[in-house]
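Pasted below: coords.cif, mmCIF, C-alpha atoms.
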data_structure
#
loop_
_atom_site.group_PDB
_atom_site.id
_atom_site.type_symbol
_atom_site.label_atom_id
_atom_site.label_comp_id
_atom_site.auth_asym_id
_atom_site.auth_seq_id
_atom_site.Cartn_x
_atom_site.Cartn_y
_atom_site.Cartn_z
ATOM 1 C CA MET F 17 0.000 0.000 0.000
ATOM 2 C CA GLU F 18 1.578 3.263 -1.124
ATOM 3 C CA ARG F 19 0.901 6.469 0.708
ATOM 4 C CA ASN F 20 2.317 9.960 1.005
ATOM 5 C CA THR F 21 3.634 10.169 4.569
ATOM 6 C CA GLU F 22 3.335 13.953 4.867
ATOM 7 C CA GLU F 23 -0.267 13.943 3.693
ATOM 8 C CA THR F 24 -1.109 11.048 5.996
ATOM 9 C CA LEU F 25 0.475 12.703 9.038
ATOM 10 C CA ASP F 26 -1.367 15.926 8.212
ATOM 11 C CA MET F 27 -4.604 14.042 8.827
ATOM 12 C CA LEU F 28 -3.759 13.624 12.505
ATOM 13 C CA PRO F 29 -4.921 16.478 14.691
ATOM 14 C CA GLU F 30 -2.285 18.648 16.347
ATOM 15 C CA GLY F 31 -1.860 19.160 20.049
ATOM 16 C CA GLY F 32 -2.843 15.631 21.040
ATOM 17 C CA ALA F 33 -6.476 15.977 20.010
ATOM 18 C CA ARG F 34 -7.951 12.608 19.215
ATOM 19 C CA GLY F 35 -11.025 13.263 17.124
ATOM 20 C CA SER F 36 -13.195 10.438 15.872
ATOM 21 C CA GLN F 37 -13.382 11.870 12.353
ATOM 22 C CA SER F 38 -9.599 12.112 12.087
ATOM 23 C CA ILE F 39 -9.233 8.432 13.009
ATOM 24 C CA ARG F 40 -11.861 7.406 10.470
ATOM 25 C CA ASP F 41 -10.269 9.621 7.812
ATOM 26 C CA LEU F 42 -6.792 8.273 8.515
ATOM 27 C CA ARG F 43 -7.989 4.669 8.325
ATOM 28 C CA ALA F 44 -9.744 5.374 5.032
ATOM 29 C CA ARG F 45 -6.689 7.178 3.679
ATOM 30 C CA LEU F 46 -4.588 4.122 4.521
ATOM 31 C CA GLY F 47 -7.110 1.934 2.702
ATOM 32 C CA MET F 48 -7.700 -0.235 5.750
ATOM 33 C CA THR F 49 -10.795 -1.859 7.156
ATOM 34 C CA GLN F 50 -11.558 -1.417 10.843
ATOM 35 C CA GLU F 51 -10.309 -4.969 11.361
ATOM 36 C CA GLU F 52 -7.002 -4.320 9.574
ATOM 37 C CA PHE F 53 -6.504 -1.029 11.408
ATOM 38 C CA ALA F 54 -7.267 -2.629 14.780
ATOM 39 C CA HIS F 55 -4.847 -5.477 14.113
ATOM 40 C CA ALA F 56 -2.103 -3.065 13.027
ATOM 41 C CA ILE F 57 -2.282 -1.110 16.295
ATOM 42 C CA ALA F 58 -3.091 -4.090 18.566
ATOM 43 C CA VAL F 59 -6.598 -3.150 19.685
ATOM 44 C CA THR F 60 -9.982 -4.748 19.106
ATOM 45 C CA VAL F 61 -12.286 -3.899 16.230
ATOM 46 C CA SER F 62 -14.903 -2.750 18.731
ATOM 47 C CA THR F 63 -12.368 -0.291 20.170
ATOM 48 C CA VAL F 64 -11.746 1.234 16.730
ATOM 49 C CA ASN F 65 -15.507 1.382 16.192
ATOM 50 C CA ARG F 66 -16.019 3.206 19.505
ATOM 51 C CA TRP F 67 -13.282 5.703 18.604
ATOM 52 C CA GLU F 68 -14.762 6.375 15.175
ATOM 53 C CA ASN F 69 -18.256 6.825 16.589
ATOM 54 C CA GLY F 70 -17.089 9.213 19.300
ATOM 55 C CA HIS F 71 -17.944 6.894 22.197
ATOM 56 C CA ALA F 72 -14.334 6.664 23.392
ATOM 57 C CA ASN F 73 -10.928 8.201 22.753
ATOM 58 C CA PRO F 74 -7.623 6.411 22.215
ATOM 59 C CA SER F 75 -5.269 6.226 25.167
ATOM 60 C CA LYS F 76 -1.905 7.934 24.868
ATOM 61 C CA LEU F 77 -0.332 4.558 24.096
ATOM 62 C CA ALA F 78 -2.907 3.798 21.389
ATOM 63 C CA TRP F 79 -2.493 7.282 19.943
ATOM 64 C CA ARG F 80 1.265 6.694 19.628
ATOM 65 C CA ALA F 81 0.533 3.465 17.750
ATOM 66 C CA ILE F 82 -1.841 5.348 15.432
ATOM 67 C CA GLN F 83 0.821 7.978 14.783
ATOM 68 C CA GLY F 84 3.374 5.243 14.091
ATOM 69 C CA LEU F 85 1.026 3.633 11.605
ATOM 70 C CA ALA F 86 0.593 6.971 9.841
ATOM 71 C CA ARG F 87 4.326 7.187 9.253
#

What would the structure in this file look like if it were written as structure tokens?
Amino acid sequence: MERNTEETLDMLPEGGARGSQSIRDLRARLGMTQEEFAHAIAVTVSTVNRWENGHANPSKLAWRAIQGLAR
């Protein structure tokens, strides 16, 4: 899967904000299903779903994994 790293990192909010739309947009930009995204950052699919629907926010550790995936 080819991606432009700068464009992908630009999708992540600055200042540690962890918005549900930004997670959904990043996952879509990476061309990943919720299952693939969850597996890549070692969380459950239901966790990714809760993040994307605004019912929960990623922990600092999960957010670091998301940022690593975006690189």

Item to complete: Pull out every residue that the PyMOL selection byres ((chain F and resi 71-83) around 8) matches in the shown coordinates and put them as a list in words.
Response: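 Output from the PyMOL selection byres ((chain F and resi 71-83) around 8), applied to this file: Leu25, Leu28, Arg34, Gly35, Ser36, Ile57, Thr63, Arg66, Trp67, Glu68, Asn69, Gly70, Gly84, Leu85, Ala86 and Arg87 of chain F.
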
Worksheet item: Can you tell me how far atom CA of Gly47 of chain F sits from atom CA of Ser62 of chain F, in Å to one decimal?
Response: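 A separation of 18.4 Å between them.
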
I'd like the box whose edges run along x, y and z of the file and which contains every listed atom of segment 45-48 of chain F, padded by 5 Å per side; could you state its centre and edge lengths in Å, one decimal, as lines of an AutoDock Vina configuration file?
center_x = -6.1
center_y = 3.5
center_z = 4.2
size_x = 13.1
size_y = 17.4
size_z = 13.0

Item to complete: I would like the residues chosen by the PyMOL selection byres ((chain F and resi 40-44) around 7) on the shown file; could you give them as a list of chain:residue names?
Response: F:Thr24, F:Met27, F:Ser36, F:Gln37, F:Ser38, F:Ile39, F:Arg45, F:Leu46, F:Gly47, F:Met48, F:Phe53, F:Glu68
